[in-house]
file upload07.cif (mmCIF, C-alpha atoms)
data_model
#
loop_
_atom_site.label_atom_id
_atom_site.label_comp_id
_atom_site.auth_asym_id
_atom_site.auth_seq_id
_atom_site.Cartn_x
_atom_site.Cartn_y
_atom_site.Cartn_z
CA MET Y 1 22.33 -47.03 3.51
CA HIS Y 2 21.93 -44.10 5.87
CA SER Y 3 23.09 -41.66 3.20
CA LYS Y 4 20.59 -43.12 0.71
CA LYS Y 5 17.77 -42.79 3.24
CA PHE Y 6 18.82 -39.23 3.96
CA ALA Y 7 18.90 -38.38 0.26
CA LEU Y 8 15.47 -39.94 -0.26
CA ALA Y 9 14.02 -38.02 2.68
CA ALA Y 10 15.53 -34.81 1.35
CA ALA Y 11 14.05 -35.45 -2.09
CA VAL Y 12 10.59 -36.10 -0.62
CA LEU Y 13 10.84 -32.95 1.48
CA ALA Y 14 11.90 -30.92 -1.55
CA THR Y 15 8.96 -32.28 -3.53
CA LEU Y 16 6.53 -31.44 -0.76
CA CYS Y 17 7.90 -27.93 -0.56
CA THR Y 18 7.18 -27.38 -4.26
CA LEU Y 19 3.55 -28.51 -3.99
CA PRO Y 20 0.90 -25.80 -3.65
CA ALA Y 21 -0.25 -25.20 -0.09
CA MET Y 22 -3.56 -26.82 0.76
CA ALA Y 23 -6.33 -24.30 1.30
CA GLN Y 24 -7.50 -24.18 4.89
CA VAL Y 25 -10.74 -22.33 4.09
CA LYS Y 26 -12.98 -23.18 1.12
CA ILE Y 27 -15.42 -20.63 -0.25
CA GLY Y 28 -17.88 -21.58 -2.98
CA VAL Y 29 -19.02 -19.00 -5.52
CA VAL Y 30 -22.06 -19.36 -7.79
CA THR Y 31 -22.61 -16.73 -10.49
CA SER Y 32 -24.79 -16.35 -13.56
CA SER Y 33 -21.94 -15.59 -15.96
CA THR Y 34 -24.01 -16.92 -18.88
CA GLY Y 35 -27.73 -16.70 -19.65
CA PRO Y 36 -30.22 -13.81 -19.21
CA THR Y 37 -28.59 -12.55 -15.99
CA ALA Y 38 -25.06 -12.51 -17.44
CA LEU Y 39 -24.70 -8.72 -17.28
CA VAL Y 40 -24.99 -9.13 -13.52
CA GLY Y 41 -23.04 -12.37 -13.22
CA ILE Y 42 -20.01 -11.60 -15.40
CA PRO Y 43 -18.63 -8.75 -13.23
CA GLN Y 44 -19.30 -10.94 -10.19
CA LYS Y 45 -17.35 -13.87 -11.63
CA ASN Y 46 -14.56 -11.51 -12.72
CA SER Y 47 -14.29 -10.16 -9.18
CA VAL Y 48 -13.51 -13.54 -7.63
CA PRO Y 49 -9.74 -13.35 -8.36
CA LEU Y 50 -9.67 -10.10 -6.36
CA LEU Y 51 -10.94 -11.74 -3.16
CA PRO Y 52 -8.44 -12.31 -0.33
CA LYS Y 53 -6.44 -15.50 -0.78
CA LYS Y 54 -5.06 -15.34 2.73
CA ILE Y 55 -7.00 -14.26 5.79
CA GLY Y 56 -4.90 -14.05 8.92
CA ASP Y 57 -2.99 -17.33 9.13
CA LEU Y 58 -5.47 -19.16 6.89
CA THR Y 59 -5.21 -19.68 3.15
CA VAL Y 60 -8.42 -19.45 1.14
CA GLU Y 61 -9.55 -21.37 -1.95
CA TYR Y 62 -12.46 -20.14 -4.08
CA ILE Y 63 -14.43 -22.68 -6.10
CA SER Y 64 -16.42 -20.81 -8.75
CA LEU Y 65 -19.37 -22.32 -10.65
CA ASP Y 66 -21.71 -20.91 -13.32
CA ASP Y 67 -25.46 -21.59 -13.01
CA ALA Y 68 -26.24 -20.19 -16.50
CA SER Y 69 -28.98 -18.01 -14.90
CA ASP Y 70 -31.00 -21.16 -14.21
CA SER Y 71 -32.53 -21.62 -10.74
CA THR Y 72 -32.35 -25.40 -10.91
CA ALA Y 73 -28.66 -25.20 -11.80
CA SER Y 74 -28.13 -22.89 -8.81
CA VAL Y 75 -29.51 -25.57 -6.50
CA THR Y 76 -27.32 -28.22 -8.13
CA ALA Y 77 -24.24 -26.02 -7.73
CA PHE Y 78 -25.05 -25.34 -4.06
CA LYS Y 79 -25.50 -29.02 -3.30
CA LYS Y 80 -22.23 -29.86 -5.05
CA LEU Y 81 -20.28 -27.22 -3.16
CA ILE Y 82 -21.74 -28.34 0.16
CA SER Y 83 -21.59 -32.13 -0.21
CA GLU Y 84 -18.56 -32.62 -2.47
CA GLN Y 85 -16.34 -29.63 -1.64
CA ASN Y 86 -17.34 -29.16 2.01
CA VAL Y 87 -17.16 -25.37 1.64
CA ASP Y 88 -17.21 -23.10 4.65
CA ALA Y 89 -19.39 -20.44 2.98
CA ILE Y 90 -20.97 -19.68 -0.39
CA ILE Y 91 -21.06 -16.37 -2.24
CA GLY Y 92 -23.99 -16.21 -4.66
CA PRO Y 93 -25.98 -16.86 -6.71
CA SER Y 94 -26.43 -13.80 -8.91
CA GLY Y 95 -30.20 -13.72 -9.45
CA SER Y 96 -32.92 -13.10 -6.86
CA PRO Y 97 -35.06 -16.13 -7.86
CA ASN Y 98 -31.93 -18.30 -7.85
CA ALA Y 99 -30.99 -17.12 -4.38
CA MET Y 100 -34.47 -17.72 -2.99
CA GLY Y 101 -34.31 -21.31 -4.21
CA THR Y 102 -31.02 -22.07 -2.48
CA ILE Y 103 -31.68 -20.68 0.99
CA GLN Y 104 -33.04 -23.94 2.38
CA PHE Y 105 -29.92 -25.86 1.36
CA ALA Y 106 -27.61 -23.30 2.98
CA ALA Y 107 -29.70 -23.51 6.14
CA GLU Y 108 -30.01 -27.31 6.20
CA SER Y 109 -26.24 -27.70 5.90
CA GLY Y 110 -25.47 -24.80 8.23
CA THR Y 111 -23.44 -23.00 5.55
CA PRO Y 112 -23.32 -19.17 5.59
CA MET Y 113 -24.55 -17.71 2.30
CA LEU Y 114 -23.51 -14.25 1.13
CA ALA Y 115 -26.12 -13.23 -1.43
CA PRO Y 116 -25.14 -10.49 -3.91
CA VAL Y 117 -28.76 -10.03 -5.05
CA GLY Y 118 -31.29 -7.23 -5.12
CA THR Y 119 -34.38 -8.52 -3.38
CA ALA Y 120 -34.63 -8.07 0.38
CA ALA Y 121 -36.76 -11.23 0.46
CA VAL Y 122 -33.58 -13.30 0.92
CA VAL Y 123 -33.16 -11.84 4.42
CA LEU Y 124 -36.63 -10.51 5.28
CA PRO Y 125 -38.69 -11.43 7.12
CA MET Y 126 -35.98 -13.06 9.21
CA ASN Y 127 -36.55 -16.72 10.13
CA GLU Y 128 -34.57 -19.87 11.00
CA GLN Y 129 -33.54 -20.44 7.38
CA LYS Y 130 -32.72 -16.85 6.47
CA LYS Y 131 -30.50 -16.41 9.50
CA TRP Y 132 -27.84 -18.19 7.40
CA VAL Y 133 -28.07 -15.58 4.62
CA PHE Y 134 -26.22 -12.25 4.49
CA LYS Y 135 -27.02 -9.77 1.73
CA THR Y 136 -24.34 -7.61 0.13
CA THR Y 137 -26.65 -5.14 -1.63
CA GLN Y 138 -28.86 -2.39 -0.31
CA ASN Y 139 -32.30 -3.52 0.83
CA ASP Y 140 -35.21 -2.34 -1.31
CA ASP Y 141 -36.59 0.01 1.35
CA ILE Y 142 -33.39 2.09 1.48
CA ILE Y 143 -33.46 2.61 -2.29
CA ALA Y 144 -37.24 3.01 -2.53
CA ARG Y 145 -37.32 5.68 0.18
CA ALA Y 146 -34.92 7.87 -1.79
CA LEU Y 147 -37.01 7.51 -4.95
CA VAL Y 148 -40.33 8.20 -3.21
CA GLU Y 149 -38.91 11.27 -1.48
CA HIS Y 150 -37.69 12.58 -4.85
CA MET Y 151 -41.10 11.93 -6.41
CA ALA Y 152 -42.90 13.80 -3.63
CA LYS Y 153 -40.44 16.68 -3.75
CA THR Y 154 -40.81 17.11 -7.52
CA GLY Y 155 -44.61 16.94 -7.59
CA ILE Y 156 -45.17 13.40 -8.86
CA LYS Y 157 -48.75 12.41 -7.98
CA THR Y 158 -49.27 9.23 -10.02
CA VAL Y 159 -46.90 6.39 -10.90
CA GLY Y 160 -47.09 3.38 -13.20
CA PHE Y 161 -45.18 0.33 -11.99
CA ILE Y 162 -43.65 -2.41 -14.14
CA GLY Y 163 -41.43 -5.06 -12.62
CA LEU Y 164 -40.22 -8.60 -13.07
CA ASN Y 165 -42.60 -11.42 -12.25
CA ASP Y 166 -40.22 -12.84 -9.65
CA PRO Y 167 -39.08 -12.06 -6.09
CA TYR Y 168 -37.21 -8.96 -7.25
CA GLY Y 169 -40.26 -7.33 -8.84
CA GLU Y 170 -42.74 -8.58 -6.25
CA ASN Y 171 -40.82 -7.30 -3.24
CA TRP Y 172 -40.18 -3.99 -4.94
CA TYR Y 173 -43.88 -3.46 -5.54
CA LYS Y 174 -44.66 -4.39 -1.94
CA VAL Y 175 -42.12 -1.92 -0.53
CA PHE Y 176 -42.71 0.89 -3.02
CA SER Y 177 -46.51 0.80 -2.92
CA GLY Y 178 -46.53 1.19 0.85
CA MET Y 179 -44.15 4.13 0.81
CA ALA Y 180 -45.96 5.78 -2.12
CA ALA Y 181 -49.27 5.60 -0.26
CA GLU Y 182 -47.73 7.34 2.74
CA LYS Y 183 -46.76 10.27 0.48
CA GLY Y 184 -50.14 10.39 -1.27
CA ILE Y 185 -48.74 9.04 -4.53
CA LYS Y 186 -51.21 6.86 -6.43
CA ILE Y 187 -50.14 3.80 -8.44
CA THR Y 188 -52.29 3.86 -11.58
CA ALA Y 189 -50.92 0.69 -13.25
CA ASN Y 190 -49.12 -2.43 -12.07
CA GLU Y 191 -47.55 -4.63 -14.77
CA ARG Y 192 -45.20 -7.64 -14.84
CA TYR Y 193 -42.84 -9.36 -17.29
CA VAL Y 194 -40.11 -12.02 -17.19
CA ARG Y 195 -36.36 -11.68 -17.68
CA THR Y 196 -36.35 -13.53 -20.99
CA ASP Y 197 -39.12 -11.43 -22.61
CA SER Y 198 -38.14 -9.76 -25.88
CA SER Y 199 -41.25 -7.56 -25.94
CA VAL Y 200 -43.38 -5.74 -23.34
CA THR Y 201 -45.57 -3.88 -25.83
CA GLY Y 202 -48.82 -4.99 -24.19
CA GLN Y 203 -47.71 -3.92 -20.73
CA ALA Y 204 -46.40 -0.62 -22.06
CA LEU Y 205 -49.72 0.19 -23.75
CA LYS Y 206 -51.54 -0.38 -20.45
CA LEU Y 207 -49.11 1.93 -18.70
CA LEU Y 208 -49.62 4.59 -21.37
CA SER Y 209 -53.38 4.41 -21.06
CA ALA Y 210 -53.09 4.98 -17.29
CA ARG Y 211 -51.31 8.31 -18.01
CA PRO Y 212 -49.05 8.34 -14.92
CA ASP Y 213 -46.75 11.26 -14.10
CA ALA Y 214 -43.87 8.79 -13.78
CA VAL Y 215 -43.01 5.13 -14.33
CA LEU Y 216 -40.94 3.00 -11.98
CA ILE Y 217 -39.20 -0.03 -13.51
CA ALA Y 218 -38.08 -2.77 -11.12
CA ALA Y 219 -35.64 -5.14 -12.80
CA PRO Y 220 -31.90 -5.83 -12.72
CA GLY Y 221 -29.41 -5.92 -15.58
CA ALA Y 222 -30.47 -5.82 -19.23
CA ALA Y 223 -34.09 -6.51 -18.26
CA SER Y 224 -34.32 -2.98 -16.82
CA VAL Y 225 -33.89 -1.37 -20.24
CA LEU Y 226 -36.65 -3.08 -22.27
CA PRO Y 227 -39.71 -1.39 -20.68
CA GLN Y 228 -38.10 2.04 -20.80
CA ASN Y 229 -37.08 1.74 -24.44
CA THR Y 230 -40.56 0.50 -25.34
CA LEU Y 231 -42.39 3.28 -23.50
CA PHE Y 232 -40.08 5.91 -24.96
CA ASP Y 233 -40.69 4.63 -28.49
CA GLN Y 234 -44.45 4.66 -27.85
CA GLY Y 235 -44.25 8.34 -26.96
CA TYR Y 236 -44.34 8.36 -23.18
CA LYS Y 237 -43.22 11.81 -21.97
CA GLY Y 238 -43.27 11.36 -18.20
CA LYS Y 239 -40.40 10.78 -15.78
CA PHE Y 240 -38.61 7.42 -15.58
CA TYR Y 241 -37.38 5.94 -12.31
CA GLN Y 242 -35.24 2.82 -11.96
CA THR Y 243 -34.08 0.68 -9.05
CA HIS Y 244 -30.44 -0.05 -8.23
CA GLY Y 245 -30.79 -3.04 -10.56
CA ALA Y 246 -30.17 -0.69 -13.49
CA ALA Y 247 -26.83 0.49 -12.11
CA LEU Y 248 -24.55 -0.86 -14.81
CA PRO Y 249 -22.73 0.55 -17.87
CA ASP Y 250 -24.85 -1.50 -20.26
CA PHE Y 251 -27.98 0.34 -19.12
CA LEU Y 252 -26.50 3.46 -20.69
CA LYS Y 253 -25.30 1.59 -23.80
CA LEU Y 254 -28.54 -0.28 -24.44
CA GLY Y 255 -30.76 2.68 -23.63
CA GLY Y 256 -28.90 5.52 -25.31
CA LYS Y 257 -30.99 8.69 -25.57
CA ARG Y 258 -34.06 6.79 -24.33
CA VAL Y 259 -32.68 6.64 -20.78
CA GLU Y 260 -31.57 10.27 -20.61
CA GLY Y 261 -32.95 11.91 -17.46
CA THR Y 262 -33.66 8.62 -15.66
CA ILE Y 263 -33.64 8.85 -11.87
CA LEU Y 264 -32.29 6.04 -9.68
CA ALA Y 265 -30.85 5.54 -6.22
CA ALA Y 266 -27.75 3.39 -6.29
CA SER Y 267 -24.11 2.94 -5.33
CA LEU Y 268 -21.66 5.81 -5.11
CA MET Y 269 -19.52 3.81 -7.57
CA LEU Y 270 -21.54 5.27 -10.45
CA VAL Y 271 -20.52 8.84 -9.61
CA LEU Y 272 -17.24 8.30 -7.77
CA PRO Y 273 -15.48 11.49 -9.01
CA GLU Y 274 -18.34 13.56 -7.54
CA ILE Y 275 -18.17 11.87 -4.13
CA PRO Y 276 -16.15 13.78 -1.50
CA ASP Y 277 -12.95 12.16 -0.24
CA SER Y 278 -14.39 12.23 3.27
CA ASN Y 279 -16.81 9.43 2.31
CA PRO Y 280 -15.20 6.30 3.80
CA SER Y 281 -16.33 4.07 0.91
CA LYS Y 282 -14.67 6.18 -1.78
CA LYS Y 283 -11.18 4.76 -1.26
CA VAL Y 284 -12.43 1.17 -1.03
CA ALA Y 285 -14.45 1.57 -4.22
CA THR Y 286 -11.58 3.32 -6.02
CA ASP Y 287 -9.14 0.55 -5.13
CA TYR Y 288 -11.61 -2.14 -6.23
CA ILE Y 289 -12.32 -0.46 -9.58
CA ALA Y 290 -8.59 -0.01 -10.27
CA ALA Y 291 -7.83 -3.66 -9.47
CA TYR Y 292 -10.76 -4.90 -11.55
CA GLU Y 293 -9.81 -2.73 -14.51
CA LYS Y 294 -6.18 -3.89 -14.35
CA LEU Y 295 -7.29 -7.53 -14.35
CA ASN Y 296 -10.14 -7.36 -16.87
CA GLY Y 297 -9.43 -4.32 -19.04
CA SER Y 298 -12.76 -2.65 -18.24
CA LYS Y 299 -14.53 -1.05 -15.31
CA PRO Y 300 -16.91 -3.21 -13.28
CA ALA Y 301 -20.65 -2.86 -12.87
CA THR Y 302 -21.70 -2.32 -9.28
CA PHE Y 303 -22.86 -5.96 -9.16
CA GLY Y 304 -19.23 -7.06 -9.11
CA ALA Y 305 -18.67 -4.94 -6.04
CA ASN Y 306 -21.31 -6.98 -4.23
CA VAL Y 307 -19.05 -10.03 -4.51
CA TYR Y 308 -15.99 -8.00 -3.57
CA ASP Y 309 -17.78 -6.78 -0.43
CA ALA Y 310 -18.59 -10.40 0.41
CA GLY Y 311 -14.83 -10.95 0.47
CA LEU Y 312 -14.40 -8.00 2.84
CA LEU Y 313 -17.06 -9.40 5.18
CA LEU Y 314 -15.37 -12.81 5.19
CA GLU Y 315 -11.96 -11.22 5.70
CA LYS Y 316 -13.21 -9.76 8.98
CA ALA Y 317 -15.30 -12.75 10.14
CA VAL Y 318 -13.02 -15.71 9.30
CA PRO Y 319 -10.30 -14.93 11.91
CA ILE Y 320 -12.98 -14.59 14.59
CA ALA Y 321 -14.52 -17.94 13.65
CA GLY Y 322 -11.04 -19.48 13.51
CA LYS Y 323 -10.61 -18.85 17.23
CA THR Y 324 -13.56 -21.17 17.91
CA ALA Y 325 -13.12 -24.06 15.47
CA LYS Y 326 -11.19 -25.37 12.48
CA PRO Y 327 -12.33 -24.68 8.90
CA GLY Y 328 -14.18 -27.54 7.27
CA THR Y 329 -16.24 -28.29 10.36
CA PRO Y 330 -19.88 -27.50 11.26
CA GLU Y 331 -18.59 -25.65 14.31
CA PHE Y 332 -16.50 -23.32 12.14
CA ARG Y 333 -19.41 -22.59 9.81
CA SER Y 334 -21.65 -21.81 12.77
CA ALA Y 335 -19.01 -19.54 14.30
CA LEU Y 336 -18.56 -17.85 10.93
CA ARG Y 337 -22.31 -17.15 10.75
CA ASP Y 338 -22.20 -15.65 14.24
CA ALA Y 339 -19.17 -13.50 13.37
CA LEU Y 340 -20.83 -12.17 10.20
CA GLU Y 341 -23.88 -11.22 12.24
CA GLN Y 342 -21.67 -9.20 14.58
CA THR Y 343 -20.12 -7.10 11.78
CA ARG Y 344 -19.91 -3.47 12.86
CA GLU Y 345 -18.90 -0.38 10.86
CA LEU Y 346 -17.23 -2.37 8.08
CA VAL Y 347 -16.57 -0.02 5.17
CA GLY Y 348 -17.39 -1.60 1.81
CA THR Y 349 -17.39 -0.38 -1.77
CA GLN Y 350 -20.97 0.90 -1.60
CA GLY Y 351 -21.59 1.76 2.02
CA VAL Y 352 -20.97 0.75 5.62
CA TYR Y 353 -22.14 -2.61 7.02
CA ASN Y 354 -23.69 -2.94 10.46
CA MET Y 355 -25.23 -6.40 10.78
CA SER Y 356 -27.49 -7.62 13.57
CA ALA Y 357 -29.73 -10.59 14.30
CA ALA Y 358 -32.61 -8.71 12.66
CA ASP Y 359 -30.67 -7.05 9.82
CA HIS Y 360 -28.49 -9.22 7.57
CA SER Y 361 -27.92 -6.50 4.99
CA GLY Y 362 -26.58 -3.83 7.28
CA PHE Y 363 -26.72 -0.83 4.97
CA ASP Y 364 -28.12 2.55 5.96
CA GLU Y 365 -28.47 5.79 3.97
CA ARG Y 366 -24.69 5.81 3.51
CA GLY Y 367 -25.24 2.96 1.06
CA ARG Y 368 -27.04 4.99 -1.61
CA GLU Y 369 -26.82 8.11 -3.74
CA LEU Y 370 -29.56 9.77 -5.80
CA ILE Y 371 -28.36 9.70 -9.41
CA THR Y 372 -29.59 10.71 -12.86
CA VAL Y 373 -28.51 10.05 -16.45
CA LYS Y 374 -27.09 13.22 -17.96
CA ASN Y 375 -25.46 13.52 -21.39
CA GLY Y 376 -25.15 9.75 -21.63
CA ASP Y 377 -23.45 9.31 -18.27
CA TRP Y 378 -24.28 9.09 -14.57
CA ALA Y 379 -24.50 12.32 -12.59
CA LEU Y 380 -25.07 12.94 -8.89
CA ILE Y 381 -28.29 14.76 -8.03
CA LYS Y 382 -27.32 17.51 -5.62
#
call {"tool": "encode", "arguments": {"input": "upload07.cif", "output": "structure tokens"}}
result
Amino acid sequence: MHSKKFALAAAVLATLCTLPAMAQVKIGVVTSSTGPTALVGIPQKNSVPLLPKKIGDLTVEYISLDDASDSTASVTAFKKLISEQNVDAIIGPSGSPNAMGTIQFAAESGTPMLAPVGTAAVVLPMNEQKKWVFKTTQNDDIIARALVEHMAKTGIKTVGFIGLNDPYGENWYKVFSGMAAEKGIKITANERYVRTDSSVTGQALKLLSARPDAVLIAAPGAASVLPQNTLFDQGYKGKFYQTHGAALPDFLKLGGKRVEGTILAASLMLVLPEIPDSNPSKKVATDYIAAYEKLNGSKPATFGANVYDAGLLLEKAVPIAGKTAKPGTPEFRSALRDALEQTRELVGTQGVYNMSAADHSGFDERGRELITVKNGDWALIK
């Protein structure tokens, strides 16, 4: 009898040893890997397998959902991850309007949200809800300042603006118009469109009639190409400027010769061979690109790096939070939020993070490079 009991216990133990270890930390991920924002969401979804699966003594499980670029679906995904999966943090969603619509649910549940989106409106102005959000892209003012300084330096006096009719475009106009006024640059036209538009002919004609020295387009992903292609085909001869939302390979593919000479401020990832080895982000970015390419067979857009950097932020913050409380508890999530806010000099793929209670993006000028399109490729402006 004793031998049978021993054998049974041994068999049970052996079975348990072969089962996968239960994750101690759960991280939700919401991306727009289908729909109009897919060029942004696909590299983000593809970066999830590269995130750390073990942080200190804790194993990590990532639960990835697709919101199909739909804001309502983003909210549904957030609620599911919070109520059904009891996640400790959420990375996402991909789009700025989607992220704005989910902030209240992150805040109400006390779940840290790492937003890989463009608009600074997800973290500014800071309030009780936004204190739960941390942004893994450069804030608009850092990018806009580089563009405005280039405009002033090169004699641009008038600019036409066209941006998305959503938080991304609205915040960009707010930030850019203020900085342009300080430099004596006049905005002669201000137009809007939506991500799903297949034509912006009317807006482009208004921009042409305003005869600006340059045009700034504020849109991420494929939506950034449409106004430029349209204006080029209509004969516009001025200078084109783009935000960091255009920083992806498909901008070059979809634009072709029409985007030659475009000026943008964006991640060093676009011009990595031209970046000196002394830049602390070069090695991190190089390692990320190599791992992504090995896994997916192609190089990532910079949007994927925003999710990868979220993993780096969590990798530093989780062990600190783990000293206070156990994962899966409100106390752990609160401690994780506090630890993220205390991030100092964390080197990411696109810059160095220094978070504070007032700044939940943490980038400074080290998080941008002034870049142009030259001979169908990105080139550093020196």
call {"tool": "residues_around", "arguments": {"input": "upload07.cif", "residues": "range 332-343 of chain Y", "least_positions_apart": "3", "cutoff": "9 Å", "atoms": "only C-alpha atoms", "output": "ChimeraX atom specification"}}
result
/Y:87-89,110-113,131-134,313-314,316-329,346,353-357,359-360,362
call {"tool": "residues_around", "arguments": {"input": "upload07.cif", "residues": "Gly163 in chain Y", "least_positions_apart": "5", "cutoff": "6 Å", "atoms": "all atoms listed in the file", "output": "list of chain:residue names"}}
result
Y:Gly169, Y:Arg192, Y:Ile217, Y:Ala218, Y:Ala219
call {"tool": "residues_around", "arguments": {"input": "upload07.cif", "residues": "Ile63 in chain Y", "least_positions_apart": "2", "cutoff": "8 Å", "atoms": "all atoms listed in the file", "output": "MDAnalysis selection string"}}
result
chainID Y and resid 26:29 61 65 81
call {"tool": "residues_around", "arguments": {"input": "upload07.cif", "residues": "range 228-235 of chain Y", "least_positions_apart": "6", "cutoff": "8 Å", "atoms": "only C-alpha atoms", "output": "PyMOL selection string"}}
result
chain Y and resi 200-201+204-205+208+217+255+258-259
call {"tool": "resolve_selection", "arguments": {"input": "upload07.cif", "expression": "the PyMOL selection byres ((chain Y and resi 286-303) around 8)", "output": "ChimeraX atom specification"}}
result
/Y:40-41,43-44,46-47,50,116,247-249,267,269-270,272,282-285,304-308,349
call {"tool": "residues_around", "arguments": {"input": "upload07.cif", "residues": "Lys186 in chain Y", "least_positions_apart": "6", "cutoff": "8 Å", "atoms": "all atoms listed in the file", "output": "JSON, numbers by chain"}}
result
{"Y": [157, 158, 159, 180]}
call {"tool": "atom_distance", "arguments": {"input": "upload07.cif", "atom1": "CA of Thr136 in chain Y", "atom2": "CA of Val352 in chain Y"}}
result
10.6 Å
call {"tool": "resolve_selection", "arguments": {"input": "upload07.cif", "expression": "the PyMOL selection byres ((chain Y and resi 167) around 10)", "output": "NGL selection string"}}
result
:Y and (95-100 or 118-122 or 163-166 or 168-173)
call {"tool": "closest_residue", "arguments": {"input": "upload07.cif", "among": "Y:Ser83, Y:Thr37, Y:Thr262, Y:Asn375", "to": "Ala68 in chain Y", "atoms": "all atoms listed in the file"}}
result
Y:Thr37
call {"tool": "decode", "arguments": {"input": "upload07.cif", "residues": "range 119-134 of chain Y", "atoms": "N, CA and C atoms", "output": "PDB file, in the first residue's frame"}}
result
ATOM      1  N   THR Y 119       0.174  61.245 -29.696  1.00  0.00           N
ATOM      2  CA  THR Y 119      -0.289  62.469 -29.069  1.00  0.00           C
ATOM      3  C   THR Y 119       0.119  62.593 -27.605  1.00  0.00           C
ATOM      4  N   ALA Y 120       0.579  63.786 -27.246  1.00  0.00           N
ATOM      5  CA  ALA Y 120       0.944  64.059 -25.853  1.00  0.00           C
ATOM      6  C   ALA Y 120      -0.288  64.226 -24.979  1.00  0.00           C
ATOM      7  N   ALA Y 121      -1.470  64.286 -25.605  1.00  0.00           N
ATOM      8  CA  ALA Y 121      -2.707  64.488 -24.846  1.00  0.00           C
ATOM      9  C   ALA Y 121      -3.007  63.332 -23.898  1.00  0.00           C
ATOM     10  N   VAL Y 122      -2.370  62.175 -24.095  1.00  0.00           N
ATOM     11  CA  VAL Y 122      -2.608  61.050 -23.181  1.00  0.00           C
ATOM     12  C   VAL Y 122      -1.942  61.264 -21.829  1.00  0.00           C
ATOM     13  N   VAL Y 123      -0.959  62.172 -21.779  1.00  0.00           N
ATOM     14  CA  VAL Y 123      -0.273  62.434 -20.507  1.00  0.00           C
ATOM     15  C   VAL Y 123      -0.272  63.910 -20.106  1.00  0.00           C
ATOM     16  N   LEU Y 124      -0.748  64.771 -20.995  1.00  0.00           N
ATOM     17  CA  LEU Y 124      -0.779  66.208 -20.717  1.00  0.00           C
ATOM     18  C   LEU Y 124      -2.133  66.804 -21.071  1.00  0.00           C
ATOM     19  N   PRO Y 125      -2.664  67.737 -20.272  1.00  0.00           N
ATOM     20  CA  PRO Y 125      -2.113  68.115 -18.969  1.00  0.00           C
ATOM     21  C   PRO Y 125      -2.313  66.999 -17.947  1.00  0.00           C
ATOM     22  N   MET Y 126      -1.393  66.842 -17.042  1.00  0.00           N
ATOM     23  CA  MET Y 126      -1.457  65.779 -16.051  1.00  0.00           C
ATOM     24  C   MET Y 126      -2.657  65.989 -15.122  1.00  0.00           C
ATOM     25  N   ASN Y 127      -3.358  64.883 -14.828  1.00  0.00           N
ATOM     26  CA  ASN Y 127      -4.473  64.941 -13.876  1.00  0.00           C
ATOM     27  C   ASN Y 127      -4.580  63.594 -13.165  1.00  0.00           C
ATOM     28  N   GLU Y 128      -5.623  63.394 -12.380  1.00  0.00           N
ATOM     29  CA  GLU Y 128      -5.759  62.169 -11.587  1.00  0.00           C
ATOM     30  C   GLU Y 128      -5.911  60.929 -12.452  1.00  0.00           C
ATOM     31  N   GLN Y 129      -6.517  61.065 -13.628  1.00  0.00           N
ATOM     32  CA  GLN Y 129      -6.648  59.914 -14.516  1.00  0.00           C
ATOM     33  C   GLN Y 129      -5.351  59.639 -15.262  1.00  0.00           C
ATOM     34  N   LYS Y 130      -4.750  60.688 -15.803  1.00  0.00           N
ATOM     35  CA  LYS Y 130      -3.554  60.513 -16.633  1.00  0.00           C
ATOM     36  C   LYS Y 130      -2.313  60.115 -15.841  1.00  0.00           C
ATOM     37  N   LYS Y 131      -2.388  60.213 -14.522  1.00  0.00           N
ATOM     38  CA  LYS Y 131      -1.231  59.794 -13.732  1.00  0.00           C
ATOM     39  C   LYS Y 131      -1.009  58.291 -13.828  1.00  0.00           C
ATOM     40  N   TRP Y 132      -1.988  57.547 -14.387  1.00  0.00           N
ATOM     41  CA  TRP Y 132      -1.840  56.104 -14.590  1.00  0.00           C
ATOM     42  C   TRP Y 132      -1.271  55.769 -15.968  1.00  0.00           C
ATOM     43  N   VAL Y 133      -1.041  56.792 -16.786  1.00  0.00           N
ATOM     44  CA  VAL Y 133      -0.580  56.574 -18.166  1.00  0.00           C
ATOM     45  C   VAL Y 133       0.873  56.986 -18.318  1.00  0.00           C
ATOM     46  N   PHE Y 134       1.650  56.155 -19.005  1.00  0.00           N
ATOM     47  CA  PHE Y 134       3.047  56.445 -19.322  1.00  0.00           C
ATOM     48  C   PHE Y 134       3.213  56.283 -20.832  1.00  0.00           C
TER      49      PHE Y 134
END
